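Have a look at the structure below before the remarks.
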There are 2 protein chains.
Amino acid sequence: MTQILVSAPALDRIADRLLAVAPDADVVSVTADGTWRRDGEPVDEGAIRPDVVWLSFDTFRTDALRALFRIIVDDDSAVRWVQTFNAGLDLPVWKTVLERGIRLTKSSAQAPPIAEYVVAHALSLIVPIDQQRALQQRHEWANTPYREISHTTWTLVGYGAIGREIAARVVPFGVDLRVVRRTPQAADGATEVVDLTGLPHLLPSSDVVVLAAASNDETRGMADEAFFRALKPGAILINIARGNLIDEDALRDGLDRSQPATAVLDVMATEPLPAEHWMWDHPQVRVTAHTSNSGSGIGRRGDELFLDNLARFLAGDELRNEAAPFEVGL
Amino acid sequence: MTQILVSAPALDRIADRLLAVAPDADVVSVTADGTWRRDGEPVDEGAIRPDVVWLSFDTFRTDALRALFRIIVDDDSAVRWVQTFNAGLDLPVWKTVLERGIRLTKSSAQAPPIAEYVVAHALSLIVPIDQQRALQQRHEWANTPYREISHTTWTLVGYGAIGREIAARVVPFGVDLRVVRRTPQAADGATEVVDLTGLPHLLPSSDVVVLAAASNDETRGMADEAFFRALKPGAILINIARGNLIDEDALRDGLDRSQPATAVLDVMATEPLPAEHWMWDHPQVRVTAHTSNSGSGIGRRGDELFLDNLARFLAGDELRNEAAPFEVGL
């Protein structure tokens with residue numbers, strides 16, 4: 001019998017559908033404060049040996065998450081598959097998980113809101129909305145000519161679930177989209193696809209650069225002094241990946257030269273961003289609190305992904321979003 | 001021999017291509033101050049009897065435009081076709097033009113930047129950018145949950161060149177798009193298409209309403225008290241059509257009830273908006289100066305449209321964007 005660990009709020013949402021997918025499963029749930037239940041009755045943690053663990057979005061920053069991780073990494077763990085809410089797998093624990101032969105599937109549920117964040121911020125900077133609002137404050141009726149989005153060139157670094165959702169939303173604006181990915185296969189709507197070694201050649205013509213790549217040995221610190229010196233003056237840089245992709249001192253110097261003109265950063269090297277950090281008050285930086293994923297659809301999409309993957313797991317089929325060893329640094 | 005009137009700046013841009021399309025044409029140009037030239041030599045206005053007149057974007061608010069209109073509406077006019085930079089044909093002169101049997105083609109060149117304006121403003125309101133910037137000002141690290149664009153319902157009133165460009169850009173976000181058009185034929189990506197009589201039923205479920213319709217007897221004042229009372233509280237209203245589609249007193253009352261929560265207005269009943277108008281300082285209104293068309297691509301697209309239509313005109317083919325009598329109130 002397959003034992004499945006889920007959070008109590010997640011079970012409340014999907015109990016019927018879980019039963020339909022896995023009628024014989026032994027389902028154990030954990031509350032936000034980390035206590036275990038089976039059919040409403042308390043369960044002793046020592047008696048739990050799950051096959052499947054689901055880290056749903058609602059476990060984020062709760063004791064439920066800590067309790068579930070305790071089970072996963074326990075020396076006696078028999079876990080065979082973990083579905084996590086993470087999109088990036090740079091936490092060291094994921095390396096341990098794969099080393100132990102546990103299968104791991106990541107989440108694509110947050111890709112739509114992250115793509116919305118990227119496009120909304122970029123468009124709000126390209127269409128001269130701030131200039132229009134300043135004119136309004138002065139009761140000034142004046143045209144605001146601007147370079148059309150259709151005339152901009154974008155470089156998208158990373159073409160996973162998030163990169164694809166971004167591409168699908170910006171290509172219809174007629175932008176010239178170039179994609180940087182590990183293996184330079186074609187990408188929908190992209191005029192050029194290169195691997196990371198090709199990025200320096202794209203920077204001088206990039207109006208918008210979006211970092212949507214995994215954080216790993218290849219990408220860490222990729223936005224360094226050379227990157228910013230090569231970047232087109234006036235460019236917009238958006239980072240929704242990981243803070244450590246950017247050398248923040250090099251960014252600060254680049255901003256002084258308008259390379260980039262504006263940085264939109266949802267992630268930083270240190271999170272939460274310290275209250276006295278220079279970024280907070282820099283007029284060319286938009287700081288947000290690692291919140292680009294905070295869309296209203298992530299819960300539902302996360303539930304659907306888990307249920308679909310559970311059906312696949314039980315049937316022995318391929319899992320969606322399964323982590324490859326290189327993704328955890330193996 | 002076909003006589004063609006164009007502006008001097010337009011002729012500078014397209015002289016070679018014009019010659020290729022119409023090698024035998026007699027081309028007369030007019031400078032911004034309204035003086036006529038043929039091959040650089042002055043021409044007397046009385047000697048001009050053009051077949052074709054092109055009102056290019058560069059003539060806007062110049063004496064060239066006044067001079068070209070003098071020729072078009074002259075009692076002895078032999079003009080057979082006018083290409084204008086206007087997208088909307090509510091100026092009374094267009095009725096006169098069609099009544100005289102002159103063919104008229106309008107412009108679709110400004111549709112892409114107007115669509116960019118609509119989507120950029122809407123997205124900047126749906127993704128909580130203002131809230132994020134306020135948090136940044138306070139050095140406050142906090143999530144900003146929001147209702148995803150993918151969960152919003154849009155009603156697009158008008159499905160001409162501009163409406164289509166808007167639809168092409170918002171459908172990839174997964175919005176539920178309903179279209180209101182004169183004849184309720186299918187519209188790409190729309191879940192529902194109705195004529196103007198169906199609009200009241202769509203308003204209570206509309207998160208975003210975009211007015212992109214021609215101004216005519218049917219649409220003038222359409223956003224009246226009943227419209228605002230039916231509108232979903234919290235909605236965004238965007239008008240890039242004509243100011244007279246909205247009853248501005250009814251809008252002001254509606255804003256007090258959050259019907260709509262925000263109005264983004266590029267057009268008003270009186271333009272330029274008087275310096276003391278209530279809209280300027282209303283916290284729920286974004287006022288812009290009939291400038292949504294001010295994109296960098298309108299000149300080139302306008303040139304291409306004229307040259308393409310000229311080739312069609314000379315070959316006796318159908319013209320692009322030709323005005324139907326109802327569009328000028330006939």
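All residue names refer to the structure tokens as shown: chains lettered A, B, ... in order, residues numbered from 1 in each chain, ligands numbered from 1 in order.
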
Counting only C-alpha atoms, chain B residues within 8 Å of chain A, as a PyMOL selection string: chain B and resi 112-113+116-117+120-121+123-124+127+129+132-133+136-137+139-151+168-169+172-173+272-273+275+280-281+286-291+294-297

Near-Arg100 in chain A list (10 Å; only C-alpha atoms; drop same-chain fewer than 4 positions) as a list in words: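 In the requested form, the answer reads Val73, Asp75, Ser77, Ala78, Val79, Arg80, Trp94, Lys95 and Thr96 of chain A.
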
Would you mind exporting C-alpha atoms of the selected residues as a short mmCIF file (atom, residue, chain, number, x, y, z; two decimals), in the first residue's frame?
```
data_model
loop_
_atom_site.label_atom_id
_atom_site.label_comp_id
_atom_site.auth_asym_id
_atom_site.auth_seq_id
_atom_site.Cartn_x
_atom_site.Cartn_y
_atom_site.Cartn_z
CA VAL A 73 15.94 12.93 4.95
CA ASP A 75 18.11 7.65 7.67
CA SER A 77 13.47 6.95 4.82
CA ALA A 78 11.71 4.79 2.27
CA VAL A 79 10.51 7.77 0.28
CA ARG A 80 10.45 7.04 -3.45
CA TRP A 94 17.80 18.34 -3.16
CA LYS A 95 21.23 16.99 -3.90
CA THR A 96 20.90 14.70 -0.87
#
```

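Straight-line separation from CA of Ala323 in chain B to CA of Ala20 in chain B: 26.5 Å.
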
Near-range 233-249 of chain B list (6 Å; only C-alpha atoms; drop same-chain fewer than 6 positions) as a PyMOL selection string: chain B and resi 207-213+219-224+258-269

Just-selected residues, N, CA, C and O atoms written as a CSV table (one decimal), in the first residue's frame:
```csv
chain,number,residue,atom,x,y,z
B,207,ASP,N,-13.6,42.4,-15.4
B,207,ASP,CA,-12.5,43.0,-14.6
B,207,ASP,C,-11.8,44.2,-15.4
B,207,ASP,O,-11.3,45.1,-14.8
B,208,VAL,N,-11.8,44.1,-16.7
B,208,VAL,CA,-11.2,45.1,-17.5
B,208,VAL,C,-12.2,45.4,-18.7
B,208,VAL,O,-12.6,44.4,-19.3
B,209,VAL,N,-12.5,46.6,-18.9
B,209,VAL,CA,-13.3,47.0,-20.1
B,209,VAL,C,-12.5,48.0,-20.9
B,209,VAL,O,-12.0,49.0,-20.4
B,210,VAL,N,-12.3,47.7,-22.2
B,210,VAL,CA,-11.6,48.5,-23.1
B,210,VAL,C,-12.5,49.1,-24.1
B,210,VAL,O,-13.1,48.3,-24.8
B,211,LEU,N,-12.5,50.4,-24.2
B,211,LEU,CA,-13.3,51.1,-25.3
B,211,LEU,C,-12.4,51.3,-26.5
B,211,LEU,O,-11.5,52.1,-26.4
B,212,ALA,N,-12.7,50.6,-27.5
B,212,ALA,CA,-11.9,50.7,-28.8
B,212,ALA,C,-12.8,50.8,-30.0
B,212,ALA,O,-12.5,50.3,-31.0
B,213,ALA,N,-14.0,51.4,-29.8
B,213,ALA,CA,-15.0,51.5,-30.8
B,213,ALA,C,-15.0,52.8,-31.5
B,213,ALA,O,-14.6,53.8,-30.9
B,219,THR,N,-22.6,54.6,-30.4
B,219,THR,CA,-21.7,54.5,-29.3
B,219,THR,C,-21.5,55.7,-28.4
B,219,THR,O,-21.0,55.6,-27.3
B,220,ARG,N,-21.9,56.9,-29.0
B,220,ARG,CA,-21.7,58.1,-28.2
B,220,ARG,C,-22.5,58.1,-26.9
B,220,ARG,O,-23.7,57.7,-26.9
B,221,GLY,N,-21.8,58.3,-25.8
B,221,GLY,CA,-22.4,58.3,-24.5
B,221,GLY,C,-22.8,56.9,-24.0
B,221,GLY,O,-23.6,56.8,-23.0
B,222,MET,N,-22.2,55.9,-24.6
B,222,MET,CA,-22.6,54.5,-24.2
B,222,MET,C,-22.2,54.2,-22.8
B,222,MET,O,-22.9,53.4,-22.1
B,223,ALA,N,-21.1,54.8,-22.3
B,223,ALA,CA,-20.7,54.6,-20.9
B,223,ALA,C,-21.5,55.6,-20.1
B,223,ALA,O,-20.9,56.7,-19.7
B,224,ASP,N,-22.7,55.3,-19.8
B,224,ASP,CA,-23.6,56.3,-19.1
B,224,ASP,C,-23.8,55.7,-17.6
B,224,ASP,O,-23.2,54.8,-17.2
B,258,SER,N,-16.4,52.7,-6.9
B,258,SER,CA,-15.4,51.7,-7.4
B,258,SER,C,-15.9,51.0,-8.7
B,258,SER,O,-15.5,49.9,-9.0
B,259,GLN,N,-16.8,51.7,-9.3
B,259,GLN,CA,-17.4,51.2,-10.6
B,259,GLN,C,-17.1,52.2,-11.7
B,259,GLN,O,-17.9,53.0,-12.0
B,260,PRO,N,-15.9,52.3,-12.2
B,260,PRO,CA,-14.7,51.4,-12.1
B,260,PRO,C,-13.9,51.9,-10.9
B,260,PRO,O,-14.0,53.0,-10.4
B,261,ALA,N,-12.9,51.0,-10.5
B,261,ALA,CA,-11.9,51.4,-9.5
B,261,ALA,C,-10.9,52.3,-10.1
B,261,ALA,O,-10.4,53.2,-9.4
B,262,THR,N,-10.6,52.1,-11.3
B,262,THR,CA,-9.6,52.9,-12.0
B,262,THR,C,-10.0,53.2,-13.4
B,262,THR,O,-10.5,52.2,-14.1
B,263,ALA,N,-9.9,54.4,-13.9
B,263,ALA,CA,-10.1,54.7,-15.3
B,263,ALA,C,-8.8,55.2,-15.9
B,263,ALA,O,-8.1,56.1,-15.4
B,264,VAL,N,-8.4,54.6,-17.1
B,264,VAL,CA,-7.3,55.0,-17.8
B,264,VAL,C,-7.8,55.7,-19.1
B,264,VAL,O,-8.4,55.0,-19.9
B,265,LEU,N,-7.6,57.0,-19.2
B,265,LEU,CA,-8.2,57.7,-20.2
B,265,LEU,C,-7.2,58.4,-21.1
B,265,LEU,O,-6.5,59.4,-20.7
B,266,ASP,N,-7.1,58.0,-22.4
B,266,ASP,CA,-6.3,58.7,-23.3
B,266,ASP,C,-7.0,59.8,-24.1
B,266,ASP,O,-6.4,60.6,-24.8
B,267,VAL,N,-8.3,59.7,-24.0
B,267,VAL,CA,-9.2,60.6,-24.7
B,267,VAL,C,-10.3,61.2,-23.8
B,267,VAL,O,-10.7,60.5,-22.8
B,268,MET,N,-10.7,62.4,-24.0
B,268,MET,CA,-11.7,63.0,-23.1
B,268,MET,C,-12.7,63.8,-24.0
B,268,MET,O,-12.4,64.1,-25.2
B,269,ALA,N,-13.8,64.2,-23.4
B,269,ALA,CA,-14.8,64.9,-24.1
B,269,ALA,C,-14.2,66.2,-24.7
B,269,ALA,O,-14.5,66.6,-25.8
```

All residues 12 Å or closer to Asp12 in chain B, only C-alpha atoms, same chain fewer than 2 positions away omitted, as a list in words: Val6, Ser7, Ala8, Pro9, Ala10, Ile14, Ala15, Asp16, Arg17, Leu18, Leu19, Val27, Ser29, Val30, Thr31, Asp39, Gly40, Asp58 and Asp303 of chain B

Would you write out those residues with N, CA, C and O atoms, as a PDB file, in the first residue's frame?
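Wrote it out as result21.pdb, contents follow:
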```
ATOM      1  N   VAL B   6       1.371  64.726 -51.567  1.00  0.00           N
ATOM      2  CA  VAL B   6       1.936  64.172 -50.332  1.00  0.00           C
ATOM      3  C   VAL B   6       2.635  65.294 -49.582  1.00  0.00           C
ATOM      4  O   VAL B   6       2.853  66.379 -50.133  1.00  0.00           O
ATOM      5  N   SER B   7       2.999  65.040 -48.336  1.00  0.00           N
ATOM      6  CA  SER B   7       3.774  66.041 -47.598  1.00  0.00           C
ATOM      7  C   SER B   7       5.240  65.939 -48.010  1.00  0.00           C
ATOM      8  O   SER B   7       5.706  64.876 -48.455  1.00  0.00           O
ATOM      9  N   ALA B   8       5.952  67.046 -47.849  1.00  0.00           N
ATOM     10  CA  ALA B   8       7.382  67.048 -48.207  1.00  0.00           C
ATOM     11  C   ALA B   8       8.184  66.057 -47.355  1.00  0.00           C
ATOM     12  O   ALA B   8       9.007  65.309 -47.898  1.00  0.00           O
ATOM     13  N   PRO B   9       7.964  65.993 -46.028  1.00  0.00           N
ATOM     14  CA  PRO B   9       8.717  64.990 -45.251  1.00  0.00           C
ATOM     15  C   PRO B   9       8.399  63.560 -45.692  1.00  0.00           C
ATOM     16  O   PRO B   9       9.293  62.715 -45.746  1.00  0.00           O
ATOM     17  N   ALA B  10       7.127  63.310 -46.003  1.00  0.00           N
ATOM     18  CA  ALA B  10       6.769  61.954 -46.447  1.00  0.00           C
ATOM     19  C   ALA B  10       7.465  61.634 -47.766  1.00  0.00           C
ATOM     20  O   ALA B  10       7.995  60.535 -47.951  1.00  0.00           O
ATOM     21  N   ILE B  14       9.979  58.420 -48.880  1.00  0.00           N
ATOM     22  CA  ILE B  14       9.540  57.309 -49.739  1.00  0.00           C
ATOM     23  C   ILE B  14       9.698  57.576 -51.228  1.00  0.00           C
ATOM     24  O   ILE B  14       9.156  56.833 -52.054  1.00  0.00           O
ATOM     25  N   ALA B  15      10.452  58.636 -51.602  1.00  0.00           N
ATOM     26  CA  ALA B  15      10.508  59.029 -53.021  1.00  0.00           C
ATOM     27  C   ALA B  15      10.836  57.849 -53.939  1.00  0.00           C
ATOM     28  O   ALA B  15      10.145  57.608 -54.945  1.00  0.00           O
ATOM     29  N   ASP B  16      11.852  57.087 -53.577  1.00  0.00           N
ATOM     30  CA  ASP B  16      12.263  55.981 -54.451  1.00  0.00           C
ATOM     31  C   ASP B  16      11.181  54.923 -54.566  1.00  0.00           C
ATOM     32  O   ASP B  16      10.909  54.401 -55.649  1.00  0.00           O
ATOM     33  N   ARG B  17      10.586  54.609 -53.419  1.00  0.00           N
ATOM     34  CA  ARG B  17       9.569  53.555 -53.435  1.00  0.00           C
ATOM     35  C   ARG B  17       8.311  54.035 -54.160  1.00  0.00           C
ATOM     36  O   ARG B  17       7.625  53.255 -54.830  1.00  0.00           O
ATOM     37  N   LEU B  18       8.011  55.319 -54.034  1.00  0.00           N
ATOM     38  CA  LEU B  18       6.857  55.882 -54.736  1.00  0.00           C
ATOM     39  C   LEU B  18       7.073  55.790 -56.245  1.00  0.00           C
ATOM     40  O   LEU B  18       6.168  55.410 -57.005  1.00  0.00           O
ATOM     41  N   LEU B  19       8.268  56.099 -56.664  1.00  0.00           N
ATOM     42  CA  LEU B  19       8.604  56.027 -58.092  1.00  0.00           C
ATOM     43  C   LEU B  19       8.469  54.600 -58.609  1.00  0.00           C
ATOM     44  O   LEU B  19       8.013  54.366 -59.734  1.00  0.00           O
ATOM     45  N   VAL B  27       3.895  63.970 -58.976  1.00  0.00           N
ATOM     46  CA  VAL B  27       3.902  64.071 -57.515  1.00  0.00           C
ATOM     47  C   VAL B  27       4.113  65.516 -57.094  1.00  0.00           C
ATOM     48  O   VAL B  27       5.108  66.143 -57.474  1.00  0.00           O
ATOM     49  N   SER B  29       4.257  68.014 -53.676  1.00  0.00           N
ATOM     50  CA  SER B  29       4.412  67.918 -52.218  1.00  0.00           C
ATOM     51  C   SER B  29       4.122  69.258 -51.563  1.00  0.00           C
ATOM     52  O   SER B  29       4.175  70.318 -52.201  1.00  0.00           O
ATOM     53  N   VAL B  30       3.795  69.204 -50.273  1.00  0.00           N
ATOM     54  CA  VAL B  30       3.491  70.404 -49.514  1.00  0.00           C
ATOM     55  C   VAL B  30       4.358  70.414 -48.255  1.00  0.00           C
ATOM     56  O   VAL B  30       4.482  69.404 -47.569  1.00  0.00           O
ATOM     57  N   THR B  31       4.979  71.556 -47.998  1.00  0.00           N
ATOM     58  CA  THR B  31       5.825  71.681 -46.812  1.00  0.00           C
ATOM     59  C   THR B  31       4.954  71.932 -45.584  1.00  0.00           C
ATOM     60  O   THR B  31       3.757  72.233 -45.700  1.00  0.00           O
ATOM     61  N   ASP B  39       9.099  68.679 -58.062  1.00  0.00           N
ATOM     62  CA  ASP B  39      10.541  68.558 -58.367  1.00  0.00           C
ATOM     63  C   ASP B  39      11.317  69.754 -57.819  1.00  0.00           C
ATOM     64  O   ASP B  39      12.206  70.293 -58.494  1.00  0.00           O
ATOM     65  N   GLY B  40      10.941  70.201 -56.634  1.00  0.00           N
ATOM     66  CA  GLY B  40      11.672  71.299 -55.993  1.00  0.00           C
ATOM     67  C   GLY B  40      11.231  72.681 -56.433  1.00  0.00           C
ATOM     68  O   GLY B  40      11.600  73.681 -55.808  1.00  0.00           O
ATOM     69  N   ASP B  58       2.998  63.025 -40.310  1.00  0.00           N
ATOM     70  CA  ASP B  58       3.796  64.241 -40.123  1.00  0.00           C
ATOM     71  C   ASP B  58       3.009  65.519 -40.417  1.00  0.00           C
ATOM     72  O   ASP B  58       3.458  66.605 -40.050  1.00  0.00           O
ATOM     73  N   ASP B 303       3.722  54.713 -43.949  1.00  0.00           N
ATOM     74  CA  ASP B 303       4.306  54.744 -45.297  1.00  0.00           C
ATOM     75  C   ASP B 303       3.969  53.461 -46.063  1.00  0.00           C
ATOM     76  O   ASP B 303       3.586  53.496 -47.237  1.00  0.00           O
TER      77      ASP B 303
END
```

Distance of CA of Leu65 in chain A from CA of Leu319 in chain A, expressed in Å to one decimal place: 22.4 Å

For Val180 in chain A: contacts at 9 Å, only C-alpha atoms, fewer than 4 positions along chain excluded, given as a list in words: Thr155, Leu156, Val157, Gly158, Tyr159, Pro184, Glu192, Val193, Val194, Asp195, Leu196, Thr197, Gly198, Leu199 and Ala213 of chain A

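For range 314-318 of chain A, the non-local neighbours within 9 Å, defined as residues at least 2 positions apart in the same chain or in other chains and counting only C-alpha atoms, are A:Thr2, A:Val21, A:Ala22, A:Asn309, A:Leu310, A:Ala311, A:Arg312, A:Arg320, A:Glu322.
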
Which of range 95-313 of chain A DSSP labels helix (DSSP H, G or I), written as a VMD selection string: chain A and resid 95 to 99 111 to 126 129 to 137 149 to 151 161 to 173 196 to 205 225 to 230 243 to 245 248 to 256 278 to 281 298 to 313

Filtered DSSP result for range 115-265 of chain A, state strand (DSSP E or B), as a PyMOL selection string: chain A and resi 146+153-157+176-180+192-194+208-211+223+236-239+246+262-265

Please dump the current selection as an mmCIF file, in the first residue's frame; keep N, CA and C atoms.
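Output contents, as saved in out-v4.cif:
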```
data_model
loop_
_atom_site.group_PDB
_atom_site.id
_atom_site.type_symbol
_atom_site.label_atom_id
_atom_site.label_comp_id
_atom_site.auth_asym_id
_atom_site.auth_seq_id
_atom_site.Cartn_x
_atom_site.Cartn_y
_atom_site.Cartn_z
ATOM 1 N N TYR A 146 7.488 57.343 -27.685
ATOM 2 C CA TYR A 146 8.295 56.288 -27.071
ATOM 3 C C TYR A 146 8.658 55.256 -28.122
ATOM 4 N N THR A 153 14.379 44.549 -28.401
ATOM 5 C CA THR A 153 15.063 43.264 -28.511
ATOM 6 C C THR A 153 15.250 42.706 -27.110
ATOM 7 N N TRP A 154 14.805 41.470 -26.923
ATOM 8 C CA TRP A 154 14.834 40.846 -25.602
ATOM 9 C C TRP A 154 15.792 39.657 -25.600
ATOM 10 N N THR A 155 16.478 39.494 -24.484
ATOM 11 C CA THR A 155 17.281 38.294 -24.294
ATOM 12 C C THR A 155 16.794 37.599 -23.031
ATOM 13 N N LEU A 156 16.361 36.378 -23.230
ATOM 14 C CA LEU A 156 15.775 35.589 -22.151
ATOM 15 C C LEU A 156 16.777 34.504 -21.791
ATOM 16 N N VAL A 157 17.321 34.603 -20.575
ATOM 17 C CA VAL A 157 18.337 33.638 -20.137
ATOM 18 C C VAL A 157 17.631 32.567 -19.310
ATOM 19 N N ASP A 176 11.830 41.224 -30.798
ATOM 20 C CA ASP A 176 12.873 40.319 -31.287
ATOM 21 C C ASP A 176 13.395 39.575 -30.065
ATOM 22 N N LEU A 177 13.030 38.314 -29.963
ATOM 23 C CA LEU A 177 13.358 37.525 -28.765
ATOM 24 C C LEU A 177 14.493 36.549 -29.056
ATOM 25 N N ARG A 178 15.545 36.665 -28.245
ATOM 26 C CA ARG A 178 16.643 35.692 -28.310
ATOM 27 C C ARG A 178 16.639 34.899 -27.007
ATOM 28 N N VAL A 179 16.943 33.618 -27.101
ATOM 29 C CA VAL A 179 16.878 32.745 -25.936
ATOM 30 C C VAL A 179 18.258 32.149 -25.672
ATOM 31 N N VAL A 180 18.651 32.173 -24.404
ATOM 32 C CA VAL A 180 19.883 31.520 -23.969
ATOM 33 C C VAL A 180 19.474 30.301 -23.150
ATOM 34 N N GLU A 192 16.780 33.661 -32.292
ATOM 35 C CA GLU A 192 18.126 33.121 -32.123
ATOM 36 C C GLU A 192 18.169 32.374 -30.801
ATOM 37 N N VAL A 193 18.834 31.252 -30.782
ATOM 38 C CA VAL A 193 18.992 30.482 -29.550
ATOM 39 C C VAL A 193 20.468 30.131 -29.410
ATOM 40 N N VAL A 194 21.035 30.460 -28.259
ATOM 41 C CA VAL A 194 22.451 30.181 -28.020
ATOM 42 C C VAL A 194 22.595 29.570 -26.632
ATOM 43 N N VAL A 208 16.034 44.480 -23.277
ATOM 44 C CA VAL A 208 15.535 43.851 -22.054
ATOM 45 C C VAL A 208 16.274 42.527 -21.881
ATOM 46 N N VAL A 209 16.820 42.304 -20.693
ATOM 47 C CA VAL A 209 17.436 41.011 -20.366
ATOM 48 C C VAL A 209 16.687 40.445 -19.171
ATOM 49 N N VAL A 210 16.196 39.230 -19.319
ATOM 50 C CA VAL A 210 15.471 38.572 -18.234
ATOM 51 C C VAL A 210 16.269 37.362 -17.778
ATOM 52 N N LEU A 211 16.608 37.331 -16.491
ATOM 53 C CA LEU A 211 17.289 36.167 -15.922
ATOM 54 C C LEU A 211 16.240 35.212 -15.365
ATOM 55 N N ALA A 223 26.102 37.575 -14.121
ATOM 56 C CA ALA A 223 25.974 39.011 -14.385
ATOM 57 C C ALA A 223 27.060 39.723 -13.597
ATOM 58 N N ILE A 236 16.947 47.316 -19.739
ATOM 59 C CA ILE A 236 16.227 46.903 -18.529
ATOM 60 C C ILE A 236 16.704 45.499 -18.176
ATOM 61 N N LEU A 237 17.076 45.297 -16.914
ATOM 62 C CA LEU A 237 17.462 43.959 -16.441
ATOM 63 C C LEU A 237 16.424 43.490 -15.433
ATOM 64 N N ILE A 238 15.912 42.288 -15.641
ATOM 65 C CA ILE A 238 14.911 41.733 -14.720
ATOM 66 C C ILE A 238 15.425 40.391 -14.212
ATOM 67 N N ASN A 239 15.451 40.233 -12.893
ATOM 68 C CA ASN A 239 15.887 38.966 -12.314
ATOM 69 C C ASN A 239 14.776 38.360 -11.475
ATOM 70 N N ILE A 246 23.607 37.469 -9.952
ATOM 71 C CA ILE A 246 24.104 38.829 -10.161
ATOM 72 C C ILE A 246 25.178 39.173 -9.134
ATOM 73 N N THR A 262 17.638 50.413 -15.730
ATOM 74 C CA THR A 262 16.743 50.010 -14.649
ATOM 75 C C THR A 262 16.926 48.527 -14.372
ATOM 76 N N ALA A 263 16.956 48.177 -13.089
ATOM 77 C CA ALA A 263 16.967 46.767 -12.696
ATOM 78 C C ALA A 263 15.700 46.480 -11.906
ATOM 79 N N VAL A 264 15.004 45.428 -12.297
ATOM 80 C CA VAL A 264 13.809 44.970 -11.581
ATOM 81 C C VAL A 264 14.185 43.650 -10.938
ATOM 82 N N LEU A 265 14.271 43.650 -9.606
ATOM 83 C CA LEU A 265 14.847 42.505 -8.899
ATOM 84 C C LEU A 265 13.844 41.922 -7.918
#
```

For CA of Arg66 in chain A and CA of Leu91 in chain A, the interatomic separation in Å (one decimal):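 Going from CA of Arg66 in chain A over to CA of Leu91 in chain A covers 14.0 Å.
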
Within 7 Å of Thr84 in chain B using only C-alpha atoms, minus same-chain residues under 4 positions, as a PyMOL selection string: chain B and resi 54-56+105-107

With C-alpha atoms retained, export the selected residues as a tab-separated table (two decimals), in the first residue's frame.
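The result, stored in selection.tsv:
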```tsv
chain	number	residue	atom	x	y	z
B	54	TRP	CA	-2.11	61.32	-48.64
B	55	LEU	CA	-2.45	62.81	-45.17
B	56	SER	CA	0.60	61.30	-43.46
B	105	THR	CA	-8.92	54.76	-46.41
B	106	LYS	CA	-8.12	55.08	-42.74
B	107	SER	CA	-4.96	54.12	-40.88
```
